[in-house]
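Chemist: Handing you a structure now.
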Protein chains: 2
Amino acid sequence: MNTAIHLQNRPTGRPDLSDFKFVEEEKPTPGEGEILLETKYISVDPYLRGRMVDAKSYIPPFELNKPITSGIIAEVKESKHPDFKAGDFVNGMLAWKEFQVSDGKGLTKVDPDQAPLSAYLGILGMTGLTAYFGLTDIGKPKAGETILVTGAAGAVGSVVGQLGKIFECKVVGIAGSDDKIDLITSDFGFDAGINYKTTDDMKAAVEEACPDGIDVFFDNVGGSIFDAVMANTNRGARVVLCGAIADYNKTETPTGPRVNTTLIKNSILMQGFTVGNYQSEFQKGIQKLAGWLKDDKLNYEETIVEGFKNTPQAFLDLFDGKNTGKMVVKI
Amino acid sequence: MNTAIHLQNRPTGRPDLSDFKFVEEEKPTPGEGEILLETKYISVDPYLRGRMVDAKSYIPPFELNKPITSGIIAEVKESKHPDFKAGDFVNGMLAWKEFQVSDGKGLTKVDPDQAPLSAYLGILGMTGLTAYFGLTDIGKPKAGETILVTGAAGAVGSVVGQLGKIFECKVVGIAGSDDKIDLITSDFGFDAGINYKTTDDMKAAVEEACPDGIDVFFDNVGGSIFDAVMANTNRGARVVLCGAIADYNKTETPTGPRVNTTLIKNSILMQGFTVGNYQSEFQKGIQKLAGWLKDDKLNYEETIVEGFKNTPQAFLDLFDGKNTGKMVVKI
């Protein structure tokens with residue numbers, strides 16, 4: 001037998017376990033030109049929340065009563081496809097199932113000897129590439145500038161900060177616990193960190209940590225933390241909008257201070273993006289990241305949850321910031 | 001004798017006539033290396049509101065009990081400067097005075113035979129250049145795309161729309177009266193216009209006028225009109241933030257729907273600017289605009305108020321949209 005995890009309801013507000021359904025089905029058999037895959041690691045990511053609602057977006061919404069899909073590392077167990085053989089490991093957007101068949105389209109082989117398999121879902125995968133392309137293509141940091149990163153201990157933020165140091169910038173991170181602040185300043189080399197959960201006046205705290213103002217603001221969070229940082233941006237600053245996890249579970253359109261006048265007065269650029277925009281350059285990005293990883297210029301953290309059945313809870317825990325670095329489920 | 005107009009109070013909220021003071025002073029005499037200027041045309045512009053408050057900005061605030069400055073065309077009446085002679089006309093940031101002396105720094109000569117003098121404050125001056133650089137450098141319109149312009153009958157908006165047509169785009173404008181909508185669709189060649197004062201559901205009206213969505217949004221206005229347009233932006237849209245006149249007189253930080261998620265989902269760029277960013281390219285821009293003007297590809301409107309003493313009221317009238325095209329005061 002085989003188990004799949006379906007989207008049972010389109011959540012309004014914060015999702016919970018009742019929005020997911022475990023469905024037993026027969027283990028599939030590959031046809032000609034197909035491969036049988038066994039899921040090894042599942043990536044859970046905040047952006048999946050967006051696909052649970054039926055709204056116009058850059059990727060179509062999940063269908064109700066169909067499996068959720070996300071980045072997955074799987075092992076080829078059986079192959080009737082000329083390009084794959086049993087024992088290969090592949091990375092792709094696959095269904096939350098223990099076993100599934102695929103025609104191989106959109107899958108890339110990964111080498112378990114070059115890096116741990118889970119790294120291909122993080123530092124050498126979507127989150128590492130998100131950090132790399134967002135920071136370099138939109139943020140365009142110059143040596144000596146100040147970069148502020150929110151969600152700094154997360155999968156994307158921790159890479160952004162380290163890249164900032166590689167590019168010889170001052171890097172300040174915001175995160176939600178003292179442990180995370182310790183982590184980013186010790187393991188990831190951030191120059192300073194602010195724990196927003198224990199800070200009353202975030203605007204003043206950001207100003208104190210960034211006395212020269214902020215030139216590049218890489219935002220994973222949105223909401224009132226975004227406002228506090230924007231109040232400290234310099235003329236000509238670049239604001240990289242990567243995520244807005246503070247807003248994803250809001251049932252009404254979130255409101256806040258308008259940024260128009262700030263952007264005009266200080267000639268600020270603010271740009272949203274998703275990593276898919278850079279698909280044609282992924283290989284270049286992975287090579288860059290792998291090089292820095294090999295040279296010990298990049299560290300990464302993972303929160304590995306064990307067991308297929310814990311996948312929905314691992315996803316939900318993202319909204320409580322229970323992960324440090326990339327959150328993955330190991331099957 | 002000579003009259004100057006001073007800033008008497010820093011307005012909170014909407015400025016009024018009591019914020020200005022007429023001061024009589026002696027008519028100055030030019031020293032060696034100086035020229036005596038007689039003011040001919042004064043430019044009044046919404047951005048001056050920002051300089052009336054004592055806040056960090058791209059240009060320092062006006063000083064209390066000192067003359068206001070803005071773009072002015074003046075005639076040289078007397079010259080002790082080798083580069084100027086009596087009868088020359090010059091354009092520069094000068095004081096709101098009938099007569100003043102200058103050392104010539106920052107002044108450029110203008111030719112009254114090539115275009116009417118007031119044009120150098122508008123279509124061939126700051127407002128024309130603002131339209132040109134904002135649209136081309138940030139908006140980057142491509143033939144066939146849809147451009148939406150707010151403040152469409154204003155000095156900047158009317159040029160943006162006409163440039164959009166030169167670049168073979170569909171152009172839709174938003175303005176505040178039926179006369180203005182007639183003007184932009186007849187004289188300025190906009191494809192469609194929306195009168196926001198007589199439209200209940202702006203979001204639906206924008207959607208109807210832009211069935212293919214909006215690729216370039218050139219905003220002079222901010223506020224709820226901005227929100228209605230943002231709801232209709234396409235993937236990869238460019239939002240050019242030029243002004244936010246709806247917000248300039250607010251006494252508290254204006255709030256509105258957060259745009260972060262929209263910008264992320266649709267990979268939208270939003271950038272504020274001021275024309276001064278492009279100072280090194282002004283001559284190139286003026287040549288482009290003058291060429292189109294000569295080829296009858298650009299029209300312009302002016303609202304000319306007569307009399308030095310009416311300068312403060314002309315400025316105040318901007319916030320009621322009493323101008324069509326560039327507002328200038330003729331002395």
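Please note that chains go A, B, ... in the order of the structure tokens, that every chain numbers its residues from 1, and that ligands are numbered from 1 in the order shown.
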Mind the document's chain letters and residue numbers, and return as an MDAnalysis selection string the residues of region 14-169 of chain A that DSSP labels strand (DSSP E).

Modeler: chainID A and resid 20:25 35:43 69:79 89:95 99:102 108:110 146:150

Chemist: Would you save the residues of that selection, restricted to C-alpha atoms, as a short mmCIF file (atom, residue, chain, number, x, y, z; two decimals), in the first residue's frame?

Modeler:
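See part.cif below for the written result:
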```cif
data_model
loop_
_atom_site.label_atom_id
_atom_site.label_comp_id
_atom_site.auth_asym_id
_atom_site.auth_seq_id
_atom_site.Cartn_x
_atom_site.Cartn_y
_atom_site.Cartn_z
CA PHE A 20 -4.90 17.74 5.34
CA LYS A 21 -6.11 14.18 4.75
CA PHE A 22 -4.11 10.98 4.64
CA VAL A 23 -5.37 8.77 1.83
CA GLU A 24 -4.42 5.13 1.33
CA GLU A 25 -4.02 4.04 -2.26
CA ILE A 35 10.11 5.33 -13.13
CA LEU A 36 8.94 4.34 -9.66
CA LEU A 37 10.09 6.82 -7.01
CA GLU A 38 10.33 6.41 -3.25
CA THR A 39 10.19 9.71 -1.38
CA LYS A 40 13.23 10.37 0.83
CA TYR A 41 13.01 14.05 1.82
CA ILE A 42 10.10 16.49 1.57
CA SER A 43 10.61 20.26 1.58
CA THR A 69 3.26 18.96 -4.19
CA SER A 70 6.56 20.48 -3.12
CA GLY A 71 10.28 20.00 -3.62
CA ILE A 72 11.13 16.36 -2.97
CA ILE A 73 14.22 14.16 -3.10
CA ALA A 74 13.32 10.62 -4.14
CA GLU A 75 15.12 7.42 -4.95
CA VAL A 76 14.49 5.56 -8.20
CA LYS A 77 13.32 2.07 -7.18
CA GLU A 78 12.44 0.77 -10.62
CA SER A 79 13.05 2.24 -14.04
CA PHE A 89 18.40 10.03 -6.58
CA VAL A 90 16.31 12.81 -8.14
CA ASN A 91 15.08 16.24 -7.15
CA GLY A 92 11.81 17.72 -8.41
CA MET A 93 8.36 19.08 -7.68
CA LEU A 94 6.62 15.89 -6.65
CA ALA A 95 3.52 14.78 -4.77
CA PHE A 99 5.67 6.20 -3.71
CA GLN A 100 4.81 7.68 -7.09
CA VAL A 101 5.58 7.15 -10.76
CA SER A 102 7.03 9.83 -13.01
CA THR A 108 17.21 16.48 -12.00
CA LYS A 109 19.60 13.83 -10.69
CA VAL A 110 21.47 14.68 -7.50
CA THR A 146 24.63 47.59 5.21
CA ILE A 147 22.28 44.68 4.53
CA LEU A 148 19.35 43.95 6.84
CA VAL A 149 17.73 40.50 6.62
CA THR A 150 14.47 39.45 8.27
#
```

Chemist: I need the helix (DSSP H, G or I) residues of region 57-285 of chain B per DSSP on the backbone, written as a PDB file with C-alpha atoms, in the first residue's frame.

Modeler:
```
ATOM      1  CA  LEU B 117       9.485  80.876 -22.056  1.00  0.00           C
ATOM      2  CA  SER B 118       6.996  79.049 -19.839  1.00  0.00           C
ATOM      3  CA  ALA B 119       7.678  75.786 -21.718  1.00  0.00           C
ATOM      4  CA  TYR B 120      11.101  75.699 -20.067  1.00  0.00           C
ATOM      5  CA  LEU B 121       9.338  75.239 -16.723  1.00  0.00           C
ATOM      6  CA  MET B 126      11.526  69.591 -14.823  1.00  0.00           C
ATOM      7  CA  THR B 127       8.059  68.176 -15.510  1.00  0.00           C
ATOM      8  CA  GLY B 128       8.851  67.022 -19.042  1.00  0.00           C
ATOM      9  CA  LEU B 129      12.123  65.497 -17.854  1.00  0.00           C
ATOM     10  CA  THR B 130      10.351  63.843 -14.922  1.00  0.00           C
ATOM     11  CA  ALA B 131       7.928  62.176 -17.318  1.00  0.00           C
ATOM     12  CA  TYR B 132      10.690  61.168 -19.727  1.00  0.00           C
ATOM     13  CA  PHE B 133      13.156  59.662 -17.249  1.00  0.00           C
ATOM     14  CA  GLY B 134      10.558  58.034 -14.999  1.00  0.00           C
ATOM     15  CA  LEU B 135       8.825  56.360 -17.905  1.00  0.00           C
ATOM     16  CA  THR B 136      11.874  55.284 -19.872  1.00  0.00           C
ATOM     17  CA  ASP B 137      14.320  54.401 -17.093  1.00  0.00           C
ATOM     18  CA  ILE B 138      11.921  52.784 -14.593  1.00  0.00           C
ATOM     19  CA  GLY B 139       8.756  52.026 -16.586  1.00  0.00           C
ATOM     20  CA  ALA B 155       2.044  68.546 -16.086  1.00  0.00           C
ATOM     21  CA  VAL B 156       3.850  65.214 -15.744  1.00  0.00           C
ATOM     22  CA  GLY B 157       0.972  62.828 -16.467  1.00  0.00           C
ATOM     23  CA  SER B 158       0.005  64.437 -19.761  1.00  0.00           C
ATOM     24  CA  VAL B 159       3.566  64.012 -21.049  1.00  0.00           C
ATOM     25  CA  VAL B 160       3.803  60.418 -19.797  1.00  0.00           C
ATOM     26  CA  GLY B 161       0.662  59.507 -21.733  1.00  0.00           C
ATOM     27  CA  GLN B 162       1.894  61.082 -24.958  1.00  0.00           C
ATOM     28  CA  LEU B 163       5.289  59.395 -24.608  1.00  0.00           C
ATOM     29  CA  GLY B 164       3.429  56.116 -24.092  1.00  0.00           C
ATOM     30  CA  LYS B 165       1.713  56.600 -27.439  1.00  0.00           C
ATOM     31  CA  ILE B 166       5.049  57.484 -29.104  1.00  0.00           C
ATOM     32  CA  ASP B 178     -14.899  65.145 -17.313  1.00  0.00           C
ATOM     33  CA  ASP B 179     -13.139  68.099 -18.947  1.00  0.00           C
ATOM     34  CA  LYS B 180      -9.786  66.601 -18.058  1.00  0.00           C
ATOM     35  CA  ILE B 181     -10.837  63.215 -19.444  1.00  0.00           C
ATOM     36  CA  ASP B 182     -11.930  64.938 -22.677  1.00  0.00           C
ATOM     37  CA  LEU B 183      -8.605  66.711 -22.831  1.00  0.00           C
ATOM     38  CA  ILE B 184      -6.409  63.655 -22.360  1.00  0.00           C
ATOM     39  CA  THR B 185      -8.347  61.530 -24.847  1.00  0.00           C
ATOM     40  CA  SER B 186      -8.626  64.282 -27.487  1.00  0.00           C
ATOM     41  CA  TYR B 196     -12.285  59.141 -10.372  1.00  0.00           C
ATOM     42  CA  LYS B 197     -14.658  61.729  -8.927  1.00  0.00           C
ATOM     43  CA  THR B 198     -17.668  60.200 -10.667  1.00  0.00           C
ATOM     44  CA  MET B 202     -12.376  52.349  -9.241  1.00  0.00           C
ATOM     45  CA  LYS B 203     -10.961  48.826  -9.200  1.00  0.00           C
ATOM     46  CA  ALA B 204     -13.674  47.596 -11.570  1.00  0.00           C
ATOM     47  CA  ALA B 205     -13.368  50.703 -13.763  1.00  0.00           C
ATOM     48  CA  VAL B 206      -9.609  50.202 -14.142  1.00  0.00           C
ATOM     49  CA  GLU B 207     -10.166  46.526 -14.927  1.00  0.00           C
ATOM     50  CA  GLU B 208     -12.688  47.430 -17.612  1.00  0.00           C
ATOM     51  CA  ALA B 209     -10.430  50.066 -19.170  1.00  0.00           C
ATOM     52  CA  GLY B 223      -3.883  56.835  -1.854  1.00  0.00           C
ATOM     53  CA  SER B 224      -6.951  54.788  -2.749  1.00  0.00           C
ATOM     54  CA  ILE B 225      -6.525  55.328  -6.492  1.00  0.00           C
ATOM     55  CA  PHE B 226      -3.103  53.712  -6.215  1.00  0.00           C
ATOM     56  CA  ASP B 227      -4.751  50.724  -4.497  1.00  0.00           C
ATOM     57  CA  ALA B 228      -7.351  50.335  -7.246  1.00  0.00           C
ATOM     58  CA  VAL B 229      -4.673  50.338  -9.934  1.00  0.00           C
ATOM     59  CA  MET B 230      -2.342  47.958  -8.067  1.00  0.00           C
ATOM     60  CA  ILE B 245      -0.284  64.210  -3.825  1.00  0.00           C
ATOM     61  CA  ALA B 246      -3.148  62.441  -2.041  1.00  0.00           C
ATOM     62  CA  ASP B 247      -0.830  61.936   0.926  1.00  0.00           C
ATOM     63  CA  TYR B 248       1.179  65.172   1.025  1.00  0.00           C
ATOM     64  CA  ASN B 260       4.171  43.200  -0.364  1.00  0.00           C
ATOM     65  CA  THR B 261       2.296  40.026  -1.290  1.00  0.00           C
ATOM     66  CA  THR B 262       1.113  41.496  -4.605  1.00  0.00           C
ATOM     67  CA  LEU B 263       4.663  42.486  -5.493  1.00  0.00           C
ATOM     68  CA  ILE B 264       6.017  39.050  -4.575  1.00  0.00           C
ATOM     69  CA  LYS B 265       3.322  36.975  -6.288  1.00  0.00           C
ATOM     70  CA  VAL B 275      14.200  63.982 -11.568  1.00  0.00           C
ATOM     71  CA  GLY B 276      17.430  65.188  -9.960  1.00  0.00           C
ATOM     72  CA  ASN B 277      18.704  61.582 -10.143  1.00  0.00           C
ATOM     73  CA  TYR B 278      19.117  62.119 -13.874  1.00  0.00           C
ATOM     74  CA  GLN B 279      20.860  65.499 -13.796  1.00  0.00           C
ATOM     75  CA  SER B 280      23.797  64.299 -15.878  1.00  0.00           C
ATOM     76  CA  GLU B 281      21.364  63.292 -18.651  1.00  0.00           C
ATOM     77  CA  PHE B 282      19.157  66.407 -18.678  1.00  0.00           C
ATOM     78  CA  GLN B 283      20.523  67.737 -21.963  1.00  0.00           C
ATOM     79  CA  LYS B 284      19.862  64.423 -23.683  1.00  0.00           C
ATOM     80  CA  GLY B 285      16.311  64.396 -22.323  1.00  0.00           C
TER      81      GLY B 285
END
```

Chemist: Could you list, as a list in words, every residue of chain B that has an atom within 6 Å of an atom of chain A, counting only C-alpha atoms?

Modeler: Ser57, Tyr58, Pro254, Thr255, Gly256, Pro257, Arg258, Leu263, Ile264, Lys265, Ser267, Ile268, Leu269, Met270, Gln271, Gly272 and Phe273 of chain B

Chemist: Please, could you write that set of residues out with all heavy atoms as a tab-separated table (two decimals), in the first residue's frame?

Modeler:
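To be explicit, this is the file written out as selection_34.tsv:
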```
chain	number	residue	atom	x	y	z
B	57	SER	N	14.99	64.68	3.79
B	57	SER	CA	14.50	64.43	2.44
B	57	SER	C	15.64	64.61	1.47
B	57	SER	O	16.78	64.86	1.87
B	57	SER	CB	13.36	65.40	2.13
B	57	SER	OG	12.82	65.11	0.86
B	58	TYR	N	15.35	64.48	0.19
B	58	TYR	CA	16.41	64.58	-0.81
B	58	TYR	C	16.88	66.01	-1.02
B	58	TYR	O	17.93	66.25	-1.57
B	58	TYR	CB	15.96	63.95	-2.14
B	58	TYR	CG	14.72	64.54	-2.73
B	58	TYR	CD1	14.79	65.49	-3.75
B	58	TYR	CD2	13.46	64.13	-2.30
B	58	TYR	CE1	13.65	66.01	-4.30
B	58	TYR	CE2	12.32	64.66	-2.84
B	58	TYR	CZ	12.40	65.59	-3.85
B	58	TYR	OH	11.28	66.12	-4.40
B	254	PRO	N	-0.13	58.07	6.43
B	254	PRO	CA	-1.27	57.42	5.78
B	254	PRO	C	-1.10	55.91	5.76
B	254	PRO	O	0.01	55.39	5.62
B	254	PRO	CB	-1.25	57.99	4.36
B	254	PRO	CG	0.13	58.50	4.15
B	254	PRO	CD	0.70	58.84	5.48
B	255	THR	N	-2.21	55.20	5.94
B	255	THR	CA	-2.16	53.73	5.88
B	255	THR	C	-3.00	53.24	4.71
B	255	THR	O	-3.84	53.96	4.19
B	255	THR	CB	-2.68	53.10	7.18
B	255	THR	OG1	-4.03	53.53	7.38
B	255	THR	CG2	-1.84	53.50	8.38
B	256	GLY	N	-2.76	52.01	4.33
B	256	GLY	CA	-3.51	51.42	3.23
B	256	GLY	C	-3.15	49.96	3.12
B	256	GLY	O	-2.35	49.46	3.91
B	257	PRO	N	-3.76	49.29	2.15
B	257	PRO	CA	-3.46	47.86	1.97
B	257	PRO	C	-1.97	47.66	1.72
B	257	PRO	O	-1.36	48.40	0.96
B	257	PRO	CB	-4.26	47.48	0.72
B	257	PRO	CG	-5.24	48.57	0.51
B	257	PRO	CD	-4.69	49.80	1.14
B	258	ARG	N	-1.40	46.66	2.35
B	258	ARG	CA	0.01	46.35	2.10
B	258	ARG	C	0.17	45.76	0.69
B	258	ARG	O	-0.65	44.96	0.26
B	258	ARG	CB	0.53	45.35	3.13
B	258	ARG	CG	0.64	45.93	4.52
B	258	ARG	CD	1.29	44.92	5.46
B	258	ARG	NE	1.36	45.45	6.82
B	258	ARG	CZ	2.30	46.28	7.25
B	258	ARG	NH1	3.25	46.68	6.43
B	258	ARG	NH2	2.29	46.71	8.49
B	263	LEU	N	3.37	42.32	-4.82
B	263	LEU	CA	4.66	42.49	-5.49
B	263	LEU	C	5.41	41.15	-5.60
B	263	LEU	O	6.05	40.88	-6.62
B	263	LEU	CB	5.52	43.52	-4.76
B	263	LEU	CG	5.43	44.97	-5.27
B	263	LEU	CD1	4.01	45.48	-5.29
B	263	LEU	CD2	6.32	45.90	-4.48
B	264	ILE	N	5.32	40.34	-4.55
B	264	ILE	CA	6.02	39.05	-4.58
B	264	ILE	C	5.36	38.10	-5.57
B	264	ILE	O	6.02	37.54	-6.44
B	264	ILE	CB	6.04	38.41	-3.18
B	264	ILE	CG1	6.87	39.27	-2.21
B	264	ILE	CG2	6.61	36.99	-3.23
B	264	ILE	CD1	6.72	38.88	-0.75
B	265	LYS	N	4.04	37.95	-5.44
B	265	LYS	CA	3.32	36.98	-6.29
B	265	LYS	C	3.50	37.28	-7.76
B	265	LYS	O	3.57	36.37	-8.58
B	265	LYS	CB	1.82	37.02	-5.99
B	265	LYS	CG	1.42	36.19	-4.80
B	265	LYS	CD	-0.10	36.05	-4.78
B	265	LYS	CE	-0.52	35.16	-3.63
B	265	LYS	NZ	-1.98	35.08	-3.51
B	267	SER	N	5.95	39.35	-9.10
B	267	SER	CA	7.30	39.81	-9.46
B	267	SER	C	7.27	41.24	-10.00
B	267	SER	O	7.74	41.53	-11.10
B	267	SER	CB	7.94	38.87	-10.50
B	267	SER	OG	8.16	37.61	-9.93
B	268	ILE	N	6.70	42.12	-9.20
B	268	ILE	CA	6.52	43.51	-9.62
B	268	ILE	C	7.64	44.38	-9.04
B	268	ILE	O	8.04	44.21	-7.90
B	268	ILE	CB	5.14	44.03	-9.17
B	268	ILE	CG1	4.05	43.30	-9.97
B	268	ILE	CG2	5.02	45.55	-9.35
B	268	ILE	CD1	2.64	43.57	-9.48
B	269	LEU	N	8.10	45.31	-9.86
B	269	LEU	CA	9.08	46.30	-9.44
B	269	LEU	C	8.36	47.62	-9.16
B	269	LEU	O	7.52	48.04	-9.94
B	269	LEU	CB	10.12	46.50	-10.54
B	269	LEU	CG	11.20	47.58	-10.31
B	269	LEU	CD1	12.49	47.13	-10.99
B	269	LEU	CD2	10.79	48.94	-10.85
B	270	MET	N	8.71	48.25	-8.03
B	270	MET	CA	8.12	49.54	-7.68
B	270	MET	C	9.28	50.43	-7.28
B	270	MET	O	10.10	50.04	-6.44
B	270	MET	CB	7.19	49.30	-6.50
B	270	MET	CG	6.34	50.44	-6.09
B	270	MET	SD	4.87	49.79	-5.21
B	270	MET	CE	5.11	50.59	-3.64
B	271	GLN	N	9.40	51.58	-7.92
B	271	GLN	CA	10.57	52.41	-7.66
B	271	GLN	C	10.18	53.88	-7.60
B	271	GLN	O	9.50	54.39	-8.47
B	271	GLN	CB	11.62	52.17	-8.76
B	271	GLN	CG	12.97	52.81	-8.45
B	271	GLN	CD	14.07	52.32	-9.38
B	271	GLN	OE1	13.84	51.47	-10.23
B	271	GLN	NE2	15.26	52.85	-9.20
B	272	GLY	N	10.63	54.53	-6.53
B	272	GLY	CA	10.44	55.96	-6.41
B	272	GLY	C	11.64	56.69	-7.00
B	272	GLY	O	12.73	56.14	-7.07
B	273	PHE	N	11.41	57.92	-7.43
B	273	PHE	CA	12.52	58.67	-8.01
B	273	PHE	C	12.21	60.15	-7.94
B	273	PHE	O	11.07	60.57	-7.75
B	273	PHE	CB	12.76	58.26	-9.47
B	273	PHE	CG	11.79	58.88	-10.44
B	273	PHE	CD1	12.18	59.89	-11.31
B	273	PHE	CD2	10.47	58.45	-10.47
B	273	PHE	CE1	11.28	60.47	-12.20
B	273	PHE	CE2	9.56	59.03	-11.36
B	273	PHE	CZ	9.96	60.03	-12.22
```

Chemist: State, in Å with one decimal place, the distance from CA of Ala237 (chain B) to CA of Asp212 (chain B).

Modeler: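 These atoms are spaced 12.0 Å apart.
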
Chemist: Need to verify the contact set: Ala143 (chain A), 8 Å, only C-alpha atoms, exclusion of same-chain residues closer than 4 positions in sequence. Can you return it as a PyMOL selection string?

Modeler: chain A and resi 167-169

Chemist: Go through B:Gly321, B:Gly122, B:Gly154, B:Pro82 one by one, measure the shortest atom-to-atom distance of each to Leu289 (chain B) using only C-alpha atoms, and give the residue with the smallest value.

Modeler: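 Of all the options, B:Gly122 lies closest to Leu289 (chain B).
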
Chemist: Could you tell me how far CA of Asp45 (chain A) lies from CA of Val328 (chain A), in Å and to one decimal?

Modeler: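 Result for CA of Asp45 (chain A) versus CA of Val328 (chain A): 8.8 Å, one decimal.
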